[in-house]
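**Q** My structure is stored as run.txt, with compact mmCIF, C-alpha atoms and all ligand atoms.
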```txt
# COMPACT_ATOMS: atom_id res chain seq x y z
CA MET N 1 -19.19 -44.43 -11.74
CA ALA N 2 -15.68 -44.74 -13.08
CA VAL N 3 -15.33 -48.33 -14.09
CA SER N 4 -12.37 -50.32 -12.86
CA ARG N 5 -10.06 -52.13 -15.24
CA ARG N 6 -11.33 -55.42 -13.78
CA GLY N 7 -14.92 -54.44 -14.48
CA PHE N 8 -14.03 -53.30 -17.93
CA ILE N 9 -12.18 -56.45 -18.91
CA LYS N 10 -15.34 -58.30 -17.97
CA VAL N 11 -17.41 -55.89 -20.00
CA ILE N 12 -15.41 -56.42 -23.15
CA GLY N 13 -14.77 -60.08 -22.50
CA GLY N 14 -11.01 -59.49 -22.84
CA GLY N 15 -11.50 -58.74 -26.52
CA VAL N 16 -10.76 -56.15 -29.08
CA VAL N 17 -10.54 -53.04 -26.94
CA SER N 18 -7.93 -54.35 -24.56
CA ALA N 19 -5.42 -54.10 -27.40
CA ALA N 20 -6.31 -50.45 -27.79
CA LEU N 21 -5.60 -49.90 -24.10
CA VAL N 22 -2.11 -51.32 -24.14
CA GLY N 23 -0.75 -48.06 -25.50
CA GLY N 24 -1.28 -46.56 -22.03
CA GLY N 25 -1.42 -42.85 -21.30
CA LEU N 26 -5.20 -43.08 -21.29
CA GLN N 27 -5.89 -42.32 -17.68
CA GLY N 28 -6.48 -38.68 -18.53
CA CYS N 29 -9.29 -39.48 -21.00
CA ASP N 30 -12.80 -38.79 -20.05
CA ARG N 31 -12.31 -37.72 -16.46
CA MET N 32 -15.33 -36.83 -14.34
CA PRO N 33 -16.08 -33.21 -15.30
CA ALA N 34 -15.19 -30.84 -12.47
CA SER N 35 -18.50 -28.99 -12.82
CA ALA N 36 -20.44 -32.21 -12.12
CA VAL N 37 -18.78 -32.77 -8.76
CA ALA N 38 -18.31 -29.11 -7.75
CA PRO N 39 -21.35 -29.28 -5.40
CA TRP N 40 -19.36 -31.65 -3.15
CA GLN N 41 -17.30 -28.64 -2.10
CA GLY N 42 -20.25 -27.26 -0.18
CA PRO N 43 -21.94 -23.88 -0.20
CA GLY N 44 -18.87 -21.65 -0.57
CA ALA N 45 -19.75 -17.99 -0.08
CA GLU N 46 -23.56 -18.42 0.05
CA GLN N 47 -25.08 -15.92 2.49
CA ASP N 48 -28.62 -17.26 2.95
CA ALA N 49 -28.61 -19.92 5.70
CA ARG N 50 -31.28 -21.87 3.81
CA ARG N 51 -29.18 -21.99 0.65
CA ARG N 52 -26.15 -23.02 2.69
CA ALA N 53 -28.01 -25.93 4.28
CA LEU N 54 -29.60 -26.94 0.95
CA SER N 55 -26.17 -27.02 -0.70
CA TRP N 56 -25.30 -29.89 1.66
CA ALA N 57 -28.73 -31.54 1.44
CA LEU N 58 -28.46 -32.05 -2.32
CA LEU N 59 -25.55 -34.42 -1.70
CA ALA N 60 -28.06 -36.95 -0.32
CA PRO N 61 -28.24 -40.49 -1.69
CA ASN N 62 -31.28 -40.90 -3.91
CA PRO N 63 -32.59 -43.49 -6.37
CA HIS N 64 -30.71 -43.62 -9.68
CA ASN N 65 -29.25 -40.24 -8.74
CA MET N 66 -32.31 -38.58 -10.24
CA GLN N 67 -32.14 -35.84 -7.55
CA PRO N 68 -35.93 -35.59 -7.55
CA TRP N 69 -36.13 -32.49 -5.36
CA LEU N 70 -37.75 -29.11 -5.95
CA VAL N 71 -37.40 -26.30 -3.48
CA ASP N 72 -39.33 -23.08 -3.01
CA LEU N 73 -37.50 -20.34 -1.10
CA ARG N 74 -39.85 -17.49 -1.96
CA ARG N 75 -41.10 -17.08 1.61
CA GLU N 76 -38.62 -15.61 4.07
CA GLY N 77 -37.18 -18.10 6.58
CA GLU N 78 -39.03 -21.02 5.04
CA ILE N 79 -38.24 -23.88 2.69
CA LEU N 80 -40.96 -25.80 0.88
CA LEU N 81 -39.77 -29.16 -0.43
CA TYR N 82 -41.61 -30.78 -3.36
CA VAL N 83 -41.23 -33.97 -5.37
CA ASP N 84 -40.00 -33.16 -8.87
CA ARG N 85 -42.46 -35.32 -10.78
CA THR N 86 -40.39 -35.11 -13.95
CA ARG N 87 -37.74 -37.22 -12.19
CA LEU N 88 -39.66 -40.33 -11.13
CA LEU N 89 -38.86 -43.98 -11.89
CA PRO N 90 -42.26 -45.35 -12.86
CA GLU N 91 -41.12 -48.85 -13.86
CA THR N 92 -38.96 -49.82 -10.90
CA ASP N 93 -40.60 -47.52 -8.36
CA PRO N 94 -44.24 -47.38 -9.46
CA PHE N 95 -45.53 -46.01 -6.14
CA ALA N 96 -42.62 -43.53 -5.73
CA ARG N 97 -41.70 -45.22 -2.45
CA GLN N 98 -37.99 -44.95 -3.15
CA ILE N 99 -38.32 -41.41 -4.47
CA VAL N 100 -39.93 -40.42 -1.16
CA ILE N 101 -37.16 -42.20 0.77
CA GLY N 102 -34.81 -39.99 -1.25
CA HIS N 103 -36.60 -36.98 0.21
CA GLY N 104 -36.00 -38.34 3.72
CA THR N 105 -32.26 -38.54 3.02
CA PHE N 106 -32.37 -34.94 1.72
CA LEU N 107 -34.25 -33.69 4.78
CA GLU N 108 -31.85 -35.35 7.21
CA LEU N 109 -28.82 -33.74 5.57
CA LEU N 110 -30.67 -30.43 5.63
CA VAL N 111 -31.24 -30.84 9.38
CA LEU N 112 -27.58 -31.74 10.01
CA ALA N 113 -26.33 -28.82 7.90
CA ALA N 114 -28.70 -26.27 9.45
CA GLY N 115 -27.65 -27.55 12.88
CA ALA N 116 -24.01 -26.91 12.02
CA GLU N 117 -24.93 -23.28 11.30
CA GLY N 118 -26.80 -22.86 14.59
CA TYR N 119 -30.35 -23.50 13.34
CA ARG N 120 -32.97 -26.04 14.27
CA CYS N 121 -35.30 -27.17 11.50
CA ALA N 122 -38.99 -27.16 12.44
CA ILE N 123 -40.36 -29.65 9.91
CA GLU N 124 -44.01 -30.08 9.03
CA TYR N 125 -44.67 -33.02 6.72
CA PHE N 126 -47.32 -32.54 4.02
CA PRO N 127 -48.44 -29.10 5.27
CA GLN N 128 -51.17 -28.94 2.60
CA GLY N 129 -52.28 -32.57 3.00
CA GLN N 130 -51.06 -35.95 1.80
CA PRO N 131 -51.36 -37.30 -1.73
CA LYS N 132 -53.54 -40.32 -2.47
CA GLU N 133 -52.01 -43.65 -1.50
CA GLY N 134 -49.16 -44.65 -3.81
CA GLU N 135 -49.11 -41.26 -5.56
CA VAL N 136 -47.13 -38.06 -5.34
CA ASP N 137 -48.76 -34.78 -6.22
CA GLY N 138 -47.98 -31.10 -6.67
CA ARG N 139 -48.35 -30.22 -2.98
CA PRO N 140 -45.27 -29.84 -0.76
CA LEU N 141 -43.85 -32.88 0.96
CA ALA N 142 -42.48 -30.73 3.78
CA ARG N 143 -42.31 -27.19 5.09
CA ILE N 144 -39.10 -26.42 6.93
CA ARG N 145 -38.54 -23.36 9.09
CA LEU N 146 -35.09 -22.52 10.36
CA GLN N 147 -35.04 -21.39 13.97
CA ARG N 148 -32.01 -20.19 15.92
CA ASP N 149 -30.68 -22.87 18.24
CA THR N 150 -27.70 -23.46 20.53
CA ALA N 151 -27.43 -27.25 20.23
CA ALA N 152 -24.01 -28.71 19.41
CA THR N 153 -23.27 -29.73 15.81
CA ASP N 154 -24.02 -33.39 15.15
CA PRO N 155 -20.66 -35.07 14.38
CA LEU N 156 -22.26 -36.85 11.40
CA PHE N 157 -22.40 -33.47 9.61
CA ALA N 158 -18.63 -33.69 9.00
CA GLN N 159 -19.12 -36.91 7.01
CA ILE N 160 -21.48 -35.43 4.40
CA PRO N 161 -18.81 -34.68 1.76
CA HIS N 162 -17.16 -38.07 2.28
CA ARG N 163 -20.30 -40.25 2.13
CA ARG N 164 -20.70 -42.52 -0.89
CA SER N 165 -22.85 -45.33 -2.18
CA THR N 166 -19.90 -47.64 -2.78
CA LYS N 167 -20.82 -49.52 -5.94
CA GLU N 168 -17.80 -51.82 -6.02
CA PRO N 169 -17.02 -55.44 -5.20
CA TYR N 170 -16.09 -55.55 -1.49
CA ARG N 171 -13.09 -57.32 0.01
CA ALA N 172 -13.73 -60.78 1.46
CA ASP N 173 -12.97 -59.60 5.05
CA PRO N 174 -16.00 -60.03 7.28
CA LEU N 175 -17.68 -56.93 8.70
CA GLN N 176 -15.95 -56.34 12.03
CA PRO N 177 -18.31 -57.01 14.97
CA GLU N 178 -17.46 -53.63 16.51
CA HIS N 179 -18.48 -51.91 13.27
CA ALA N 180 -21.77 -53.82 13.16
CA ARG N 181 -22.37 -52.87 16.81
CA ALA N 182 -21.48 -49.21 16.25
CA LEU N 183 -23.93 -49.01 13.35
CA GLN N 184 -26.62 -50.74 15.35
CA THR N 185 -26.22 -48.48 18.39
CA SER N 186 -26.13 -45.35 16.21
CA HIS N 187 -29.68 -46.17 15.10
CA PRO N 188 -32.17 -44.88 17.66
CA SER N 189 -35.04 -44.38 15.17
CA PRO N 190 -38.44 -45.24 16.66
CA VAL N 191 -39.93 -45.76 13.17
CA THR N 192 -37.40 -48.07 11.51
CA GLN N 193 -36.05 -51.36 12.72
CA LEU N 194 -32.45 -52.06 11.67
CA THR N 195 -31.01 -55.55 11.19
CA ILE N 196 -27.39 -56.20 10.22
CA THR N 197 -26.31 -59.71 9.41
CA THR N 198 -22.74 -60.92 9.42
CA ASP N 199 -23.87 -64.55 9.54
CA THR N 200 -22.11 -66.39 6.70
CA ALA N 201 -25.06 -68.55 5.67
CA MET N 202 -27.55 -65.67 5.80
CA ALA N 203 -25.19 -63.39 3.83
CA ALA N 204 -24.81 -66.14 1.21
CA SER N 205 -28.60 -66.47 0.91
CA LEU N 206 -28.96 -62.70 0.56
CA ARG N 207 -26.25 -62.60 -2.10
CA GLY N 208 -28.25 -65.20 -4.01
CA ILE N 209 -31.47 -63.19 -3.69
CA THR N 210 -29.69 -59.97 -4.67
CA GLU N 211 -28.23 -61.60 -7.78
CA ARG N 212 -31.55 -63.07 -8.85
CA ALA N 213 -33.30 -59.74 -8.30
CA MET N 214 -30.70 -57.92 -10.40
CA LEU N 215 -31.15 -60.47 -13.18
CA ILE N 216 -34.92 -59.94 -13.13
CA GLU N 217 -34.46 -56.17 -13.43
CA LEU N 218 -31.83 -56.46 -16.17
CA GLN N 219 -33.76 -59.08 -18.14
CA THR N 220 -37.12 -57.31 -17.99
CA PRO N 221 -36.98 -55.00 -21.02
CA ARG N 222 -38.95 -52.09 -19.57
CA THR N 223 -37.10 -51.98 -16.23
CA LEU N 224 -33.74 -52.32 -17.99
CA LYS N 225 -34.73 -49.52 -20.35
CA GLU N 226 -35.54 -47.26 -17.42
CA SER N 227 -31.90 -47.47 -16.32
CA ILE N 228 -30.48 -47.26 -19.83
CA ASP N 229 -32.51 -44.09 -20.47
CA ARG N 230 -30.77 -42.58 -17.47
CA LEU N 231 -27.23 -43.57 -18.46
CA ARG N 232 -24.80 -40.71 -19.01
CA ILE N 233 -21.91 -42.19 -20.96
CA GLY N 234 -18.74 -40.13 -21.00
CA ALA N 235 -17.64 -36.78 -19.60
CA ASP N 236 -19.54 -34.63 -22.09
CA ALA N 237 -22.86 -36.34 -21.35
CA ILE N 238 -22.23 -36.12 -17.59
CA ALA N 239 -21.33 -32.42 -17.79
CA ALA N 240 -24.51 -31.76 -19.77
CA LYS N 241 -26.69 -33.79 -17.36
CA PRO N 242 -25.04 -34.32 -13.98
CA ASP N 243 -27.56 -36.90 -12.76
CA GLY N 244 -28.61 -40.48 -13.52
CA ILE N 245 -26.19 -43.37 -13.83
CA GLU N 246 -22.84 -42.11 -15.04
CA LEU N 247 -20.24 -44.21 -16.81
CA HIS N 248 -16.92 -42.61 -17.55
CA GLY N 249 -13.20 -43.25 -17.58
CA PRO N 250 -10.81 -44.46 -20.27
CA PHE N 251 -12.48 -47.83 -20.58
CA PHE N 252 -15.91 -46.46 -21.35
CA TRP N 253 -14.36 -43.79 -23.51
CA TRP N 254 -12.90 -46.53 -25.71
CA LEU N 255 -16.07 -48.58 -25.69
CA SER N 256 -18.01 -45.54 -26.87
CA LYS N 257 -15.39 -44.64 -29.45
CA LEU N 258 -15.60 -48.12 -30.94
CA GLY N 259 -19.39 -48.01 -30.93
CA LEU N 260 -19.59 -50.90 -28.45
CA MET N 261 -21.41 -48.97 -25.75
CA THR N 262 -24.57 -47.30 -26.91
CA PRO N 263 -28.02 -47.26 -25.29
CA GLU N 264 -29.24 -49.56 -28.08
CA LYS N 265 -26.43 -52.07 -27.53
CA ALA N 266 -26.93 -51.99 -23.75
CA THR N 267 -30.58 -53.01 -24.14
CA THR N 268 -29.92 -55.72 -26.72
CA PRO N 269 -29.42 -59.20 -25.24
CA GLY N 270 -26.26 -60.88 -26.42
CA THR N 271 -24.20 -57.72 -27.00
CA MET N 272 -21.06 -57.05 -25.00
CA ALA N 273 -22.62 -53.95 -23.48
CA TRP N 274 -25.66 -55.90 -22.26
CA GLN N 275 -23.67 -58.83 -20.89
CA GLY N 276 -21.11 -56.44 -19.40
CA GLY N 277 -23.85 -54.65 -17.45
CA ILE N 278 -25.07 -57.94 -16.03
CA ASP N 279 -21.60 -59.20 -15.12
CA TYR N 280 -20.74 -55.89 -13.54
CA ALA N 281 -23.84 -55.75 -11.32
CA LEU N 282 -23.52 -59.40 -10.35
CA GLY N 283 -19.87 -58.76 -9.47
CA TRP N 284 -21.02 -56.38 -6.71
CA ALA N 285 -23.64 -58.73 -5.41
CA ARG N 286 -21.24 -61.66 -5.17
CA ALA N 287 -18.53 -59.69 -3.36
CA THR N 288 -20.57 -58.74 -0.28
CA PRO N 289 -19.66 -60.04 3.17
CA ALA N 290 -22.60 -58.50 5.08
CA PHE N 291 -26.02 -56.95 4.57
CA GLY N 292 -28.33 -54.65 6.48
CA TRP N 293 -31.98 -53.74 6.09
CA LEU N 294 -34.50 -51.29 7.47
CA ILE N 295 -38.07 -52.35 8.17
CA THR N 296 -41.05 -50.14 8.96
CA ALA N 297 -44.34 -51.27 10.52
CA ALA N 298 -46.34 -49.21 8.01
CA ASN N 299 -45.69 -48.15 4.44
CA ASP N 300 -47.16 -44.66 4.54
CA ARG N 301 -45.29 -41.63 3.24
CA ILE N 302 -44.04 -40.55 6.64
CA SER N 303 -42.56 -44.00 7.35
CA GLN N 304 -40.80 -43.78 3.99
CA ILE N 305 -39.40 -40.34 4.80
CA GLU N 306 -38.24 -41.59 8.21
CA ALA N 307 -36.61 -44.60 6.55
CA GLY N 308 -34.64 -42.22 4.32
CA ARG N 309 -33.58 -40.15 7.30
CA ALA N 310 -32.44 -43.24 9.20
CA TYR N 311 -30.70 -44.68 6.14
CA VAL N 312 -28.55 -41.64 5.43
CA ARG N 313 -27.53 -41.40 9.09
CA LEU N 314 -26.32 -45.01 8.87
CA ASN N 315 -24.51 -44.22 5.63
CA LEU N 316 -22.77 -41.28 7.37
CA LYS N 317 -21.92 -43.40 10.40
CA ALA N 318 -20.52 -46.11 8.11
CA THR N 319 -18.41 -43.42 6.43
CA GLU N 320 -17.04 -42.36 9.82
CA LEU N 321 -16.17 -46.01 10.60
CA GLY N 322 -14.57 -46.69 7.20
CA VAL N 323 -17.31 -49.15 6.23
CA ALA N 324 -18.57 -49.21 2.63
CA MET N 325 -22.30 -49.25 2.09
CA HIS N 326 -24.51 -49.58 -1.00
CA PRO N 327 -28.27 -50.04 -1.42
CA VAL N 328 -29.40 -53.01 -3.51
CA SER N 329 -33.09 -52.27 -3.92
CA GLN N 330 -34.11 -54.54 -6.78
CA VAL N 331 -35.85 -57.18 -4.64
CA LEU N 332 -37.83 -54.49 -2.80
CA GLN N 333 -39.35 -53.07 -5.96
CA GLU N 334 -43.07 -53.32 -6.57
CA TYR N 335 -43.59 -54.63 -10.10
CA PRO N 336 -45.17 -57.95 -10.98
CA GLU N 337 -42.07 -59.78 -12.21
CA MET N 338 -40.39 -59.21 -8.82
CA ALA N 339 -43.33 -60.27 -6.63
CA GLY N 340 -42.42 -63.97 -6.24
CA LEU N 341 -38.80 -63.36 -5.31
CA GLN N 342 -39.86 -60.54 -3.00
CA ARG N 343 -42.09 -62.94 -1.04
CA GLU N 344 -39.17 -65.33 -0.68
CA PHE N 345 -36.96 -62.48 0.55
CA LEU N 346 -39.52 -61.19 3.06
CA GLY N 347 -39.80 -64.70 4.50
CA MET N 348 -36.02 -64.95 4.71
CA VAL N 349 -35.66 -61.72 6.73
CA GLY N 350 -38.70 -62.52 8.87
CA ALA N 351 -40.84 -59.53 7.85
CA VAL N 352 -44.38 -60.11 9.07
CA PRO N 353 -47.41 -59.17 6.92
CA GLY N 354 -47.89 -55.41 6.91
CA GLN N 355 -44.21 -54.66 7.49
CA THR N 356 -42.16 -53.20 4.64
CA VAL N 357 -38.45 -53.54 4.02
CA GLN N 358 -37.65 -50.01 2.92
CA MET N 359 -33.91 -50.37 2.33
CA LEU N 360 -31.62 -53.35 1.77
CA PHE N 361 -27.91 -52.60 1.59
CA ARG N 362 -24.52 -54.20 1.22
CA LEU N 363 -21.86 -53.65 3.88
CA GLY N 364 -18.14 -54.32 3.71
CA TYR N 365 -14.80 -52.78 2.91
CA SER N 366 -13.56 -51.24 -0.31
CA GLU N 367 -11.36 -48.56 -1.77
CA THR N 368 -12.77 -45.06 -1.56
CA VAL N 369 -14.78 -44.19 -4.67
CA GLN N 370 -15.30 -40.84 -6.39
CA PRO N 371 -18.32 -38.70 -5.62
CA SER N 372 -21.24 -38.97 -8.01
CA PRO N 373 -22.45 -35.96 -10.01
CA ARG N 374 -24.89 -33.41 -8.66
CA ARG N 375 -26.88 -30.63 -10.27
CA PRO N 376 -26.17 -27.16 -8.85
CA LEU N 377 -28.54 -25.81 -6.21
CA ASP N 378 -30.10 -23.31 -8.59
CA ALA N 379 -31.38 -26.21 -10.74
CA LEU N 380 -33.58 -27.29 -7.80
CA LEU N 381 -35.16 -23.91 -7.15
CA MET N 382 -38.72 -23.02 -8.13
CA SER N 383 -39.16 -19.53 -9.41
C1 LIG N 401 -34.12 -45.31 -1.94
C2 LIG N 401 -32.79 -45.57 -2.59
C3 LIG N 401 -32.61 -46.71 -3.34
C4 LIG N 401 -31.38 -46.96 -3.96
N1 LIG N 401 -31.22 -48.13 -4.65
C5 LIG N 401 -30.05 -48.38 -5.27
C6 LIG N 401 -29.84 -49.59 -5.99
O1 LIG N 401 -30.71 -50.45 -6.06
N2 LIG N 401 -28.67 -49.78 -6.62
C7 LIG N 401 -27.67 -48.85 -6.57
O2 LIG N 401 -26.63 -49.05 -7.17
N3 LIG N 401 -27.82 -47.71 -5.86
C8 LIG N 401 -28.98 -47.46 -5.21
N4 LIG N 401 -29.13 -46.32 -4.48
C9 LIG N 401 -27.98 -45.40 -4.35
C10 LIG N 401 -28.02 -44.35 -5.44
O3 LIG N 401 -27.75 -44.93 -6.69
C11 LIG N 401 -26.99 -43.27 -5.09
O4 LIG N 401 -27.40 -42.63 -3.92
C12 LIG N 401 -26.85 -42.23 -6.20
O5 LIG N 401 -26.32 -42.82 -7.37
C13 LIG N 401 -25.93 -41.11 -5.78
O6 LIG N 401 -24.69 -41.63 -5.40
P1 LIG N 401 -24.08 -41.34 -3.96
O7 LIG N 401 -24.97 -41.95 -2.94
O8 LIG N 401 -22.72 -42.01 -3.97
O9 LIG N 401 -23.99 -39.86 -3.78
C14 LIG N 401 -30.33 -46.04 -3.84
C15 LIG N 401 -30.52 -44.88 -3.06
C16 LIG N 401 -31.73 -44.65 -2.44
C17 LIG N 401 -31.91 -43.42 -1.58
```
Do you think you could lay out the structure here as structure tokens?
Ligand SMILES: Cc1cc2nc3c(=O)[nH]c(=O)nc-3n(C[C@H](O)[C@H](O)[C@H](O)COP(=O)(O)O)c2cc1C
**A**
Amino acid sequence: MAVSRRGFIKVIGGGVVSAALVGGGLQGCDRMPASAVAPWQGPGAEQDARRRALSWALLAPNPHNMQPWLVDLRREGEILLYVDRTRLLPETDPFARQIVIGHGTFLELLVLAAGAEGYRCAIEYFPQGQPKEGEVDGRPLARIRLQRDTAATDPLFAQIPHRRSTKEPYRADPLQPEHARALQTSHPSPVTQLTITTDTAMAASLRGITERAMLIELQTPRTLKESIDRLRIGADAIAAKPDGIELHGPFFWWLSKLGLMTPEKATTPGTMAWQGGIDYALGWARATPAFGWLITAANDRISQIEAGRAYVRLNLKATELGVAMHPVSQVLQEYPEMAGLQREFLGMVGAVPGQTVQMLFRLGYSETVQPSPRRPLDALLMS
């Protein structure tokens, strides 16, 4: 993410680096490398319909932007989708629930993109059997066959290049009732139940929960470290690894230059980098007029995939409506330090035992943000 001046001033506490910025002319420093966002231009001259559809699918939202997808195209007319087990988040996502949701988002974009090219996707989940509960294994998560079709293109396809997870403070304006209704009616999923709240008191309670959950993640050394290990600070690091959590722009360029933003500093309580990370994340949570969440009756792999499919459709619909959307998953995560707050949250949203909140997200209005990096399609292919 390119960090705003406001966010930055918080990060540095208005101190030493602001003087360095006064000189101006810095906006050109440390831009997002073009190669890292080139995939947002779509498949270009690709001939193979599968590669064309996959070029859109890899723009899917996914946890920590780890892009945990592996694809086998070696059999004609068929795509096998696997979990890339080198790209998991074992501390914050110990059962790979969110990683699997991130395969649902990928599959839904694949379906939309294939549809736009005149193909229907025949999808078989876990064609070689399901992994043990809470695990992911080396067998495919889905087999997809493209079949010629005459159905009209889903209008949500057009939103794929414009969709974002908008990680910014939102304006104070309430979510317009017609936008809440349009999102709700765009959600026909039989597997996930969608709730959107614009109620002021409920939104305030959820802001409080979201803040406390972020603090738990950021103050638990091993979960904080998981994020810090995936930071890409500055254009060179992002170009070399176009994934993870990217920080770039003149402000971070200066912080790095002055040695104030290093992975070590960011994990050390009391440093500017550590406090800045906390203030920045809490800034989002506090500036949120409305929330939504998706509940499933079961927490099996297929429910998780369906939750991802439903989530990205909502994200695309929000894009069409001009509504900003951003998952805040901390309170949903299954590690011991979060368990108490999670119980409080589940009670607050009325989830009954057995149900799982798969996604919790902020809703509101914000400036448009830049696309996040993606690896090129070839990096996802098995050979
Ligand atoms: C299952 C899931 C959980 C996510 N949780 C968070 C989260 O807690 N905080 C956050 O900032 N983004 C979260 N995201 C959004 C990703 O960070 C985002 O999709 C990724 O950085 C790529 O950015 P993009 O969606 O703008 O393309 C989540 C996405 C998914 C699919």
**Q** Let me have all residues with an atom within 8 Å of ligand LIG 401 (chain N), counting only C-alpha atoms and all ligand atoms, laid out as a PyMOL selection string.
**A** chain N and resi 59-66+97-102+105+163-167+244-245+308+311-312+326-330+358-359+370-373
**Q** Put those residues in a file: C-alpha atoms, as a compact mmCIF listing (two decimals), keeping the file's coordinate frame.
**A**
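Written output follows (selection24.txt):
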```
# COMPACT_ATOMS: atom_id res chain seq x y z
CA LEU N 59 -25.55 -34.42 -1.70
CA ALA N 60 -28.06 -36.95 -0.32
CA PRO N 61 -28.24 -40.49 -1.69
CA ASN N 62 -31.28 -40.90 -3.91
CA PRO N 63 -32.59 -43.49 -6.37
CA HIS N 64 -30.71 -43.62 -9.68
CA ASN N 65 -29.25 -40.24 -8.74
CA MET N 66 -32.31 -38.58 -10.24
CA ARG N 97 -41.70 -45.22 -2.45
CA GLN N 98 -37.99 -44.95 -3.15
CA ILE N 99 -38.32 -41.41 -4.47
CA VAL N 100 -39.93 -40.42 -1.16
CA ILE N 101 -37.16 -42.20 0.77
CA GLY N 102 -34.81 -39.99 -1.25
CA THR N 105 -32.26 -38.54 3.02
CA ARG N 163 -20.30 -40.25 2.13
CA ARG N 164 -20.70 -42.52 -0.89
CA SER N 165 -22.85 -45.33 -2.18
CA THR N 166 -19.90 -47.64 -2.78
CA LYS N 167 -20.82 -49.52 -5.94
CA GLY N 244 -28.61 -40.48 -13.52
CA ILE N 245 -26.19 -43.37 -13.83
CA GLY N 308 -34.64 -42.22 4.32
CA TYR N 311 -30.70 -44.68 6.14
CA VAL N 312 -28.55 -41.64 5.43
CA HIS N 326 -24.51 -49.58 -1.00
CA PRO N 327 -28.27 -50.04 -1.42
CA VAL N 328 -29.40 -53.01 -3.51
CA SER N 329 -33.09 -52.27 -3.92
CA GLN N 330 -34.11 -54.54 -6.78
CA GLN N 358 -37.65 -50.01 2.92
CA MET N 359 -33.91 -50.37 2.33
CA GLN N 370 -15.30 -40.84 -6.39
CA PRO N 371 -18.32 -38.70 -5.62
CA SER N 372 -21.24 -38.97 -8.01
CA PRO N 373 -22.45 -35.96 -10.01
```
**Q** Which residues are near Glu117 of chain N? Cut-off 10 Å, only C-alpha atoms, ignore same chain within fewer than 6 positions. Put them as a list in words.
**A**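 Contacts, with the query itself left out: Ala49, Arg50, Arg52, Ala53, Arg148, Asp149, Thr150, Ala152 and Thr153 of chain N.
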**Q** So the first atom is atom CA of His248 of chain N and the second is atom CA of Thr319 of chain N; what is the distance between them in Å, to one decimal place?
**A**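 We find that atom CA of His248 of chain N and atom CA of Thr319 of chain N lie 24.0 Å from each other.
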**Q** Which is closest to Ala204 of chain N among N:Leu70, N:Arg286, N:Ser383, N:Ala122, if we use only C-alpha atoms?
**A**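 Closest to Ala204 of chain N, using only C-alpha atoms: N:Arg286.
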**Q** Taking every listed atom of segment 298-305 of chain N and adding 3 Å to each side, what centre and edge lengths in Å (one decimal) does the axis-aligned box have, as AutoDock Vina command-line options?
**A**
```
--center_x -43.3 --center_y -44.8 --center_z 5.6 --size_x 13.8 --size_y 14.9 --size_z 10.8
```
**Q** I need the residue nearest Ile305 of chain N from this list: N:Ser189, N:Thr195, N:Gln147, N:Gln41. Use all atoms listed in the file for the distance.
**A**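 Looking at the shortest contact to Ile305 of chain N, the residue is N:Ser189.
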**Q** Nearest to Phe291 of chain N among N:Ile144, N:Leu380, N:Ile196, N:Ile216, with distances taken over only C-alpha atoms: which residue is it?
**A**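 Smallest separation from Phe291 of chain N among the options: N:Ile196.
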**Q** Anything within 9 Å of (-42.4, -50.7, 12.1): list those residues as a ChimeraX atom specification, counting all atoms listed in the file and sticking to the file's coordinates.
**A** /N:190-193,295-299,303,354-356
**Q** To one decimal place, how far is atom CA of Pro250 of chain N from atom CA of Asp30 of chain N in Å?
**A** 6.0 Å
**Q** Which of these residues is nearest to His179 of chain N, using only C-alpha atoms: N:Ala281, N:Met348, N:Leu81, N:Leu314?
**A**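 Distance minimum relative to His179 of chain N lands on N:Leu314.
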**Q** Between atom CA of Gly104 of chain N and atom CA of Ile160 of chain N, what is the spacing in Å?
**A** 14.8 Å
**Q** For Ala213 of chain N, find every residue with an atom within 12 Å (counting only C-alpha atoms), except residues of its own chain fewer than 3 positions away, and show them as a PyMOL selection string.
**A** chain N and resi 92+206-210+216-220+223+278+281-282+285+328-335+337-345
**Q** I need the residue nearest Gln159 of chain N from this list: N:Arg120, N:Arg51, N:Lys317, N:Lys257. Use all atoms listed in the file for the distance.
**A**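 So, comparing all the options, the nearest one is N:Lys317.
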**Q** Using only C-alpha atoms, find the one residue out of N:Arg31, N:Arg212, N:Arg301, N:Arg181 that sits nearest to Phe126 of chain N.
**A**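 Of N:Arg31, N:Arg212, N:Arg301, N:Arg181, the one nearest Phe126 of chain N is N:Arg301, counting only C-alpha atoms.
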